[in-house]
file upload_6.pdb (PDB, C-alpha atoms)
MODEL        1
ATOM      1  CA  MET R   4     -13.988 -21.031 -44.220  1.00  0.00           C
ATOM      2  CA  ASN R   5     -13.578 -18.785 -47.259  1.00  0.00           C
ATOM      3  CA  GLY R   6     -10.792 -16.515 -45.945  1.00  0.00           C
ATOM      4  CA  SER R   7     -12.642 -13.229 -46.440  1.00  0.00           C
ATOM      5  CA  VAL R   8     -12.513 -12.273 -42.756  1.00  0.00           C
ATOM      6  CA  GLN R   9      -8.771 -12.786 -42.631  1.00  0.00           C
ATOM      7  CA  GLN R  10      -8.309 -10.763 -45.821  1.00  0.00           C
ATOM      8  CA  LYS R  11     -10.313  -7.843 -44.433  1.00  0.00           C
ATOM      9  CA  SER R  12      -8.327  -7.763 -41.202  1.00  0.00           C
ATOM     10  CA  LEU R  13      -5.045  -7.882 -43.144  1.00  0.00           C
ATOM     11  CA  SER R  14      -6.211  -5.004 -45.345  1.00  0.00           C
ATOM     12  CA  ARG R  15      -7.235  -2.994 -42.326  1.00  0.00           C
ATOM     13  CA  GLU R  16      -3.888  -3.643 -40.640  1.00  0.00           C
ATOM     14  CA  PHE R  17      -2.014  -2.648 -43.811  1.00  0.00           C
ATOM     15  CA  LEU R  18      -3.962   0.615 -44.098  1.00  0.00           C
ATOM     16  CA  THR R  19      -3.310   1.393 -40.429  1.00  0.00           C
ATOM     17  CA  ASN R  20       0.429   0.835 -40.882  1.00  0.00           C
ATOM     18  CA  LEU R  21       0.400   2.941 -44.034  1.00  0.00           C
ATOM     19  CA  THR R  22      -1.256   5.783 -42.182  1.00  0.00           C
ATOM     20  CA  ILE R  23       1.220   5.530 -39.312  1.00  0.00           C
ATOM     21  CA  GLU R  24       4.078   5.611 -41.844  1.00  0.00           C
ATOM     22  CA  LYS R  25       2.655   8.757 -43.455  1.00  0.00           C
ATOM     23  CA  ILE R  26       2.198  10.403 -40.070  1.00  0.00           C
ATOM     24  CA  LEU R  27       5.814   9.605 -39.166  1.00  0.00           C
ATOM     25  CA  GLU R  28       6.936  10.941 -42.552  1.00  0.00           C
ATOM     26  CA  MET R  29       5.035  14.173 -41.928  1.00  0.00           C
ATOM     27  CA  LEU R  30       6.536  14.432 -38.453  1.00  0.00           C
ATOM     28  CA  LEU R  31      10.038  14.074 -39.936  1.00  0.00           C
ATOM     29  CA  LEU R  32       9.230  16.824 -42.439  1.00  0.00           C
ATOM     30  CA  VAL R  33       8.126  19.131 -39.608  1.00  0.00           C
ATOM     31  CA  ILE R  34      11.359  18.268 -37.760  1.00  0.00           C
ATOM     32  CA  ALA R  35      13.367  19.101 -40.916  1.00  0.00           C
ATOM     33  CA  GLY R  36      11.749  22.545 -41.045  1.00  0.00           C
ATOM     34  CA  ALA R  37      12.395  23.059 -37.341  1.00  0.00           C
ATOM     35  CA  LEU R  38      16.019  21.987 -37.774  1.00  0.00           C
ATOM     36  CA  ALA R  39      16.485  24.418 -40.662  1.00  0.00           C
ATOM     37  CA  ILE R  40      15.243  27.401 -38.660  1.00  0.00           C
ATOM     38  CA  VAL R  41      17.052  26.393 -35.453  1.00  0.00           C
ATOM     39  CA  LEU R  42      20.338  26.113 -37.374  1.00  0.00           C
ATOM     40  CA  HIS R  43      19.636  29.511 -38.891  1.00  0.00           C
ATOM     41  CA  ALA R  44      19.172  30.955 -35.416  1.00  0.00           C
ATOM     42  CA  ARG R  45      22.089  29.210 -33.731  1.00  0.00           C
ATOM     43  CA  LEU R  46      24.814  29.241 -36.406  1.00  0.00           C
ATOM     44  CA  ARG R  47      26.301  32.670 -35.952  1.00  0.00           C
ATOM     45  CA  THR R  48      28.815  33.064 -38.746  1.00  0.00           C
ATOM     46  CA  PRO R  49      29.864  36.713 -39.014  1.00  0.00           C
ATOM     47  CA  LEU R  50      30.251  36.747 -42.796  1.00  0.00           C
ATOM     48  CA  ASN R  51      28.227  39.947 -43.221  1.00  0.00           C
ATOM     49  CA  ILE R  52      26.800  38.548 -46.462  1.00  0.00           C
ATOM     50  CA  PRO R  53      22.997  38.501 -46.719  1.00  0.00           C
ATOM     51  CA  GLY R  54      21.479  35.077 -47.261  1.00  0.00           C
ATOM     52  CA  HIS R  55      24.505  32.962 -46.334  1.00  0.00           C
ATOM     53  CA  HIS R  56      22.287  30.663 -44.250  1.00  0.00           C
ATOM     54  CA  GLY R  57      20.620  29.604 -47.498  1.00  0.00           C
ATOM     55  CA  ILE R  58      23.165  26.831 -47.904  1.00  0.00           C
ATOM     56  CA  GLU R  59      22.096  24.806 -44.876  1.00  0.00           C
ATOM     57  CA  PHE R  60      18.481  25.999 -44.984  1.00  0.00           C
ATOM     58  CA  MET R  61      17.736  24.979 -48.571  1.00  0.00           C
ATOM     59  CA  ALA R  62      19.885  21.825 -48.306  1.00  0.00           C
ATOM     60  CA  ILE R  63      17.700  20.597 -45.441  1.00  0.00           C
ATOM     61  CA  ILE R  64      14.388  21.653 -47.016  1.00  0.00           C
ATOM     62  CA  LEU R  65      15.154  20.260 -50.490  1.00  0.00           C
ATOM     63  CA  GLY R  66      16.766  17.106 -49.096  1.00  0.00           C
ATOM     64  CA  ALA R  67      13.648  16.453 -47.016  1.00  0.00           C
ATOM     65  CA  ARG R  68      11.455  17.229 -50.036  1.00  0.00           C
ATOM     66  CA  LEU R  69      13.280  14.734 -52.235  1.00  0.00           C
ATOM     67  CA  SER R  70      13.134  11.971 -49.644  1.00  0.00           C
ATOM     68  CA  THR R  71       9.346  11.644 -49.647  1.00  0.00           C
ATOM     69  CA  ASN R  72       6.468  11.172 -52.066  1.00  0.00           C
ATOM     70  CA  ILE R  73       4.094  13.453 -50.164  1.00  0.00           C
ATOM     71  CA  LYS R  74       2.922  16.047 -52.685  1.00  0.00           C
ATOM     72  CA  TRP R  75       3.272  19.168 -50.521  1.00  0.00           C
ATOM     73  CA  ALA R  76       6.170  18.006 -48.357  1.00  0.00           C
ATOM     74  CA  SER R  77       8.034  21.329 -48.210  1.00  0.00           C
ATOM     75  CA  SER R  78       4.845  23.036 -47.061  1.00  0.00           C
ATOM     76  CA  ILE R  79       4.705  20.549 -44.198  1.00  0.00           C
ATOM     77  CA  SER R  80       8.306  21.501 -43.377  1.00  0.00           C
ATOM     78  CA  ALA R  81       7.152  25.122 -43.398  1.00  0.00           C
ATOM     79  CA  MET R  82       4.844  24.233 -40.503  1.00  0.00           C
ATOM     80  CA  GLY R  83       7.922  23.244 -38.495  1.00  0.00           C
ATOM     81  CA  ILE R  84       9.463  26.601 -39.326  1.00  0.00           C
ATOM     82  CA  GLY R  85       6.277  28.421 -38.343  1.00  0.00           C
ATOM     83  CA  ILE R  86       6.026  26.571 -35.036  1.00  0.00           C
ATOM     84  CA  PHE R  87       9.664  26.928 -33.980  1.00  0.00           C
ATOM     85  CA  ILE R  88       9.946  30.578 -34.994  1.00  0.00           C
ATOM     86  CA  LEU R  89       7.507  31.348 -32.171  1.00  0.00           C
ATOM     87  CA  PHE R  90      10.018  30.259 -29.507  1.00  0.00           C
ATOM     88  CA  PRO R  91      11.587  33.428 -28.101  1.00  0.00           C
ATOM     89  CA  VAL R  92      14.829  31.627 -27.178  1.00  0.00           C
ATOM     90  CA  LEU R  93      15.818  31.622 -30.857  1.00  0.00           C
ATOM     91  CA  GLY R  94      16.263  35.387 -30.676  1.00  0.00           C
ATOM     92  CA  PHE R  95      14.419  36.501 -33.795  1.00  0.00           C
ATOM     93  CA  LYS R  96      13.187  40.078 -33.593  1.00  0.00           C
ATOM     94  CA  ASP R  97      11.518  40.360 -37.004  1.00  0.00           C
ATOM     95  CA  PRO R  98       7.733  39.980 -36.627  1.00  0.00           C
ATOM     96  CA  MET R  99       7.437  38.656 -40.199  1.00  0.00           C
ATOM     97  CA  MET R 100      10.307  36.160 -39.942  1.00  0.00           C
ATOM     98  CA  GLY R 101       8.004  33.132 -39.982  1.00  0.00           C
ATOM     99  CA  LEU R 102       6.292  34.156 -43.178  1.00  0.00           C
ATOM    100  CA  ASN R 103       9.572  35.160 -44.819  1.00  0.00           C
ATOM    101  CA  TYR R 104      11.136  31.756 -44.184  1.00  0.00           C
ATOM    102  CA  MET R 105       8.028  29.763 -45.044  1.00  0.00           C
ATOM    103  CA  LEU R 106       7.789  31.281 -48.542  1.00  0.00           C
ATOM    104  CA  PRO R 107      10.797  29.350 -49.960  1.00  0.00           C
ATOM    105  CA  CYS R 108       9.131  26.099 -48.890  1.00  0.00           C
ATOM    106  CA  PHE R 109       5.920  26.945 -50.729  1.00  0.00           C
ATOM    107  CA  ALA R 110       7.855  28.027 -53.836  1.00  0.00           C
ATOM    108  CA  LEU R 111       9.916  24.828 -53.744  1.00  0.00           C
ATOM    109  CA  ASP R 112       6.765  22.706 -53.580  1.00  0.00           C
ATOM    110  CA  LEU R 113       5.303  24.478 -56.592  1.00  0.00           C
ATOM    111  CA  ALA R 114       8.495  23.947 -58.565  1.00  0.00           C
ATOM    112  CA  TYR R 115       8.839  20.316 -57.488  1.00  0.00           C
ATOM    113  CA  ASN R 116       5.261  19.428 -58.346  1.00  0.00           C
ATOM    114  CA  TYR R 117       5.222  21.139 -61.740  1.00  0.00           C
ATOM    115  CA  LEU R 118       8.755  20.620 -63.092  1.00  0.00           C
ATOM    116  CA  PRO R 119       8.866  17.884 -65.719  1.00  0.00           C
ATOM    117  CA  MET R 120      10.801  14.683 -65.089  1.00  0.00           C
ATOM    118  CA  VAL R 121      13.800  15.467 -67.286  1.00  0.00           C
ATOM    119  CA  LYS R 122      17.435  14.433 -67.244  1.00  0.00           C
ATOM    120  CA  TYR R 123      18.634  17.613 -65.527  1.00  0.00           C
ATOM    121  CA  ARG R 124      15.841  17.815 -62.950  1.00  0.00           C
ATOM    122  CA  SER R 125      18.326  18.088 -60.064  1.00  0.00           C
ATOM    123  CA  LEU R 126      19.827  21.183 -61.637  1.00  0.00           C
ATOM    124  CA  LEU R 127      16.361  22.653 -62.195  1.00  0.00           C
ATOM    125  CA  LEU R 128      15.460  21.936 -58.562  1.00  0.00           C
ATOM    126  CA  SER R 129      18.646  23.674 -57.424  1.00  0.00           C
ATOM    127  CA  VAL R 130      17.709  26.722 -59.490  1.00  0.00           C
ATOM    128  CA  ALA R 131      14.193  26.535 -58.026  1.00  0.00           C
ATOM    129  CA  ALA R 132      15.743  26.425 -54.538  1.00  0.00           C
ATOM    130  CA  GLY R 133      17.714  29.578 -55.331  1.00  0.00           C
ATOM    131  CA  LEU R 134      14.657  31.341 -56.705  1.00  0.00           C
ATOM    132  CA  GLY R 135      12.598  30.151 -53.747  1.00  0.00           C
ATOM    133  CA  TYR R 136      15.164  31.437 -51.260  1.00  0.00           C
ATOM    134  CA  MET R 137      15.150  34.740 -53.137  1.00  0.00           C
ATOM    135  CA  MET R 138      11.497  35.080 -52.063  1.00  0.00           C
ATOM    136  CA  ILE R 139      12.823  36.185 -48.647  1.00  0.00           C
ATOM    137  CA  PRO R 140      14.321  39.504 -49.820  1.00  0.00           C
ATOM    138  CA  LEU R 141      11.356  39.969 -52.156  1.00  0.00           C
ATOM    139  CA  SER R 142       8.916  39.692 -49.263  1.00  0.00           C
ATOM    140  CA  ARG R 143      11.145  41.968 -47.180  1.00  0.00           C
ATOM    141  CA  VAL R 144      11.085  44.627 -49.895  1.00  0.00           C
ATOM    142  CA  ILE R 145       7.298  44.440 -49.980  1.00  0.00           C
ATOM    143  CA  ILE R 146       7.154  44.699 -46.175  1.00  0.00           C
ATOM    144  CA  THR R 147       9.623  47.605 -46.138  1.00  0.00           C
ATOM    145  CA  LEU R 148       7.781  49.522 -48.835  1.00  0.00           C
ATOM    146  CA  SER R 149       4.342  48.943 -47.330  1.00  0.00           C
ATOM    147  CA  THR R 150       5.088  49.339 -43.609  1.00  0.00           C
ATOM    148  CA  GLY R 151       8.426  51.117 -43.374  1.00  0.00           C
ATOM    149  CA  TYR R 152       9.921  48.292 -41.274  1.00  0.00           C
ATOM    150  CA  PRO R 153      13.701  48.564 -41.838  1.00  0.00           C
ATOM    151  CA  TYR R 154      15.748  45.486 -42.702  1.00  0.00           C
ATOM    152  CA  SER R 155      19.456  45.803 -41.974  1.00  0.00           C
ATOM    153  CA  SER R 156      20.496  43.907 -45.116  1.00  0.00           C
ATOM    154  CA  PHE R 157      18.905  46.615 -47.287  1.00  0.00           C
ATOM    155  CA  LEU R 158      20.380  49.398 -45.155  1.00  0.00           C
ATOM    156  CA  LYS R 159      23.901  47.941 -45.379  1.00  0.00           C
ATOM    157  CA  HIS R 160      23.922  46.502 -48.899  1.00  0.00           C
ATOM    158  CA  GLY R 161      21.164  48.214 -50.867  1.00  0.00           C
ATOM    159  CA  PHE R 162      18.473  46.305 -52.718  1.00  0.00           C
ATOM    160  CA  PHE R 163      20.410  44.444 -55.420  1.00  0.00           C
ATOM    161  CA  THR R 164      23.002  42.599 -53.291  1.00  0.00           C
ATOM    162  CA  PRO R 165      20.515  40.725 -51.047  1.00  0.00           C
ATOM    163  CA  PHE R 166      18.620  39.458 -54.098  1.00  0.00           C
ATOM    164  CA  ALA R 167      21.823  38.211 -55.736  1.00  0.00           C
ATOM    165  CA  THR R 168      23.296  36.613 -52.630  1.00  0.00           C
ATOM    166  CA  PHE R 169      20.039  34.954 -51.565  1.00  0.00           C
ATOM    167  CA  LEU R 170      19.760  33.487 -55.081  1.00  0.00           C
ATOM    168  CA  ILE R 171      23.345  32.201 -55.051  1.00  0.00           C
ATOM    169  CA  PHE R 172      23.255  30.730 -51.544  1.00  0.00           C
ATOM    170  CA  GLY R 173      19.813  29.205 -52.132  1.00  0.00           C
ATOM    171  CA  PHE R 174      21.099  27.602 -55.334  1.00  0.00           C
ATOM    172  CA  LEU R 175      24.180  26.245 -53.536  1.00  0.00           C
ATOM    173  CA  GLY R 176      21.983  24.868 -50.756  1.00  0.00           C
ATOM    174  CA  GLY R 177      19.698  23.255 -53.322  1.00  0.00           C
ATOM    175  CA  ALA R 178      22.688  21.672 -55.076  1.00  0.00           C
ATOM    176  CA  LEU R 179      24.008  20.420 -51.730  1.00  0.00           C
ATOM    177  CA  GLY R 180      20.597  19.003 -50.777  1.00  0.00           C
ATOM    178  CA  THR R 181      20.137  17.161 -54.079  1.00  0.00           C
ATOM    179  CA  GLY R 182      23.723  15.912 -53.944  1.00  0.00           C
ATOM    180  CA  ILE R 183      23.364  14.532 -50.426  1.00  0.00           C
ATOM    181  CA  TYR R 184      20.044  12.948 -51.367  1.00  0.00           C
ATOM    182  CA  HIS R 185      21.465  11.188 -54.452  1.00  0.00           C
ATOM    183  CA  VAL R 186      24.628  10.007 -52.661  1.00  0.00           C
ATOM    184  CA  GLY R 187      22.538   8.711 -49.759  1.00  0.00           C
ATOM    185  CA  LYS R 188      20.174   6.948 -52.151  1.00  0.00           C
ATOM    186  CA  LYS R 189      23.088   5.212 -53.916  1.00  0.00           C
ATOM    187  CA  LEU R 190      24.619   4.162 -50.599  1.00  0.00           C
ATOM    188  CA  LEU R 191      21.294   2.756 -49.384  1.00  0.00           C
ATOM    189  CA  ASN R 192      20.800   0.846 -52.643  1.00  0.00           C
ATOM    190  CA  LYS R 193      24.174  -0.884 -52.161  1.00  0.00           C
ATOM    191  CA  VAL R 194      23.172  -2.166 -48.724  1.00  0.00           C
TER     192      VAL R 194
ENDMDL
END

call {"tool": "encode", "arguments": {"input": "upload_6.pdb", "output": "structure tokens"}}
result
Amino acid sequence: MNGSVQQKSLSREFLTNLTIEKILEMLLLVIAGALAIVLHARLRTPLNIPGHHGIEFMAIILGARLSTNIKWASSISAMGIGIFILFPVLGFKDPMMGLNYMLPCFALDLAYNYLPMVKYRSLLLSVAAGLGYMMIPLSRVIITLSTGYPYSSFLKHGFFTPFATFLIFGFLGGALGTGIYHVGKKLLNKV
């Protein structure tokens, strides 16, 4: 008995478990995206400030992104957004809402994958979250100019205010997401 059969079966079992772990990780990323869009739909805070949902939205997306090693994790979360935006019970009337809210995920993945590993990477990721969340009013401007579809935030506040507030709230959400991730990581390392 040379042990090669046992080694092959152990390798096969390890690869199967690894694949199941990755599938579960991807499922959790999809759930994170779904949670972000459901909270956006259900949290009705009458602040009358465009982009104020960026705090919880980007905190969830960036926190989920930081918690995994999957290269395009935020894009997987975008699938959860795209799937759950189709449910009419959420009450979204904008036909381009799915695309608008998937764009920050794609931008965050690009920033995460290409930002260097430097001392202040968390700050850079928070800025990237703000810039990514600012993709929503940018896409809305493009849609408005090309199709004439009116967005109430531009009608009420003009064009500058939504860009500024989406950037600020996206940045705050990114800072919250990185903060929660780092605190949770430290707490888990103590256990």

call {"tool": "residues_around", "arguments": {"input": "upload_6.pdb", "residues": "Ile171 of chain R", "least_positions_apart": "4", "cutoff": "10 Å", "atoms": "only C-alpha atoms", "output": "count of residues only"}}
result
16

call {"tool": "resolve_selection", "arguments": {"input": "upload_6.pdb", "expression": "the PyMOL selection byres ((chain R and resi 68) around 10)", "output": "short mmCIF file (atom, residue, chain, number, x, y, z; two decimals) with C-alpha atoms, keeping the file's coordinate frame"}}
result
data_model
loop_
_atom_site.label_atom_id
_atom_site.label_comp_id
_atom_site.auth_asym_id
_atom_site.auth_seq_id
_atom_site.Cartn_x
_atom_site.Cartn_y
_atom_site.Cartn_z
CA LEU R 32 9.23 16.82 -42.44
CA ALA R 35 13.37 19.10 -40.92
CA ALA R 62 19.89 21.82 -48.31
CA ILE R 63 17.70 20.60 -45.44
CA ILE R 64 14.39 21.65 -47.02
CA LEU R 65 15.15 20.26 -50.49
CA GLY R 66 16.77 17.11 -49.10
CA ALA R 67 13.65 16.45 -47.02
CA LEU R 69 13.28 14.73 -52.24
CA SER R 70 13.13 11.97 -49.64
CA THR R 71 9.35 11.64 -49.65
CA ASN R 72 6.47 11.17 -52.07
CA ILE R 73 4.09 13.45 -50.16
CA LYS R 74 2.92 16.05 -52.68
CA TRP R 75 3.27 19.17 -50.52
CA ALA R 76 6.17 18.01 -48.36
CA SER R 77 8.03 21.33 -48.21
CA SER R 78 4.84 23.04 -47.06
CA ILE R 79 4.70 20.55 -44.20
CA SER R 80 8.31 21.50 -43.38
CA CYS R 108 9.13 26.10 -48.89
CA LEU R 111 9.92 24.83 -53.74
CA ASP R 112 6.76 22.71 -53.58
CA TYR R 115 8.84 20.32 -57.49
CA GLY R 180 20.60 19.00 -50.78
CA THR R 181 20.14 17.16 -54.08
CA TYR R 184 20.04 12.95 -51.37
#

call {"tool": "residues_near_point", "arguments": {"input": "upload_6.pdb", "point": "(10.4, 21.5, -60.6)", "cutoff": "7 Å", "atoms": "only C-alpha atoms", "output": "list in words"}}
result
Ala114, Tyr115, Asn116, Tyr117, Leu118, Pro119, Arg124, Leu127, Leu128 and Ala131 of chain R

call {"tool": "resolve_selection", "arguments": {"input": "upload_6.pdb", "expression": "the PyMOL selection byres ((chain R and resi 84-100) around 6)", "output": "mmCIF file with C-alpha atoms, in the frame of the given file"}}
result
data_model
loop_
_atom_site.group_PDB
_atom_site.id
_atom_site.type_symbol
_atom_site.label_atom_id
_atom_site.label_comp_id
_atom_site.auth_asym_id
_atom_site.auth_seq_id
_atom_site.Cartn_x
_atom_site.Cartn_y
_atom_site.Cartn_z
ATOM 1 C CA GLY R 36 11.749 22.545 -41.045
ATOM 2 C CA ALA R 37 12.395 23.059 -37.341
ATOM 3 C CA ILE R 40 15.243 27.401 -38.660
ATOM 4 C CA ALA R 44 19.172 30.955 -35.416
ATOM 5 C CA ALA R 81 7.152 25.122 -43.398
ATOM 6 C CA MET R 82 4.844 24.233 -40.503
ATOM 7 C CA GLY R 83 7.922 23.244 -38.495
ATOM 8 C CA GLY R 101 8.004 33.132 -39.982
ATOM 9 C CA LEU R 102 6.292 34.156 -43.178
ATOM 10 C CA ASN R 103 9.572 35.160 -44.819
#

call {"tool": "residues_around", "arguments": {"input": "upload_6.pdb", "residues": "Asn51 of chain R", "least_positions_apart": "3", "cutoff": "12 Å", "atoms": "only C-alpha atoms", "output": "JSON, numbers by chain"}}
result
{"R": [47, 48, 54, 55, 56, 155, 156, 159, 160, 164, 165, 168]}

call {"tool": "closest_residue", "arguments": {"input": "upload_6.pdb", "among": "R:Leu30, R:Leu106, R:Leu42, R:Val194", "to": "Arg143 of chain R", "atoms": "only C-alpha atoms"}}
result
R:Leu106

call {"tool": "axis_aligned_box", "arguments": {"input": "upload_6.pdb", "around": "segment 108-115 of chain R", "padding_each_side": "3 Å", "output": "AutoDock Vina command-line options"}}
result
--center_x 7.6 --center_y 24.2 --center_z -53.7 --size_x 10.6 --size_y 13.7 --size_z 15.7

call {"tool": "atom_distance", "arguments": {"input": "upload_6.pdb", "atom1": "atom CA of Pro107 of chain R", "atom2": "atom CA of Ser149 of chain R"}}
result
20.8 Å

call {"tool": "atom_distance", "arguments": {"input": "upload_6.pdb", "atom1": "atom CA of Thr147 of chain R", "atom2": "atom CA of Gly161 of chain R"}}
result
12.5 Å
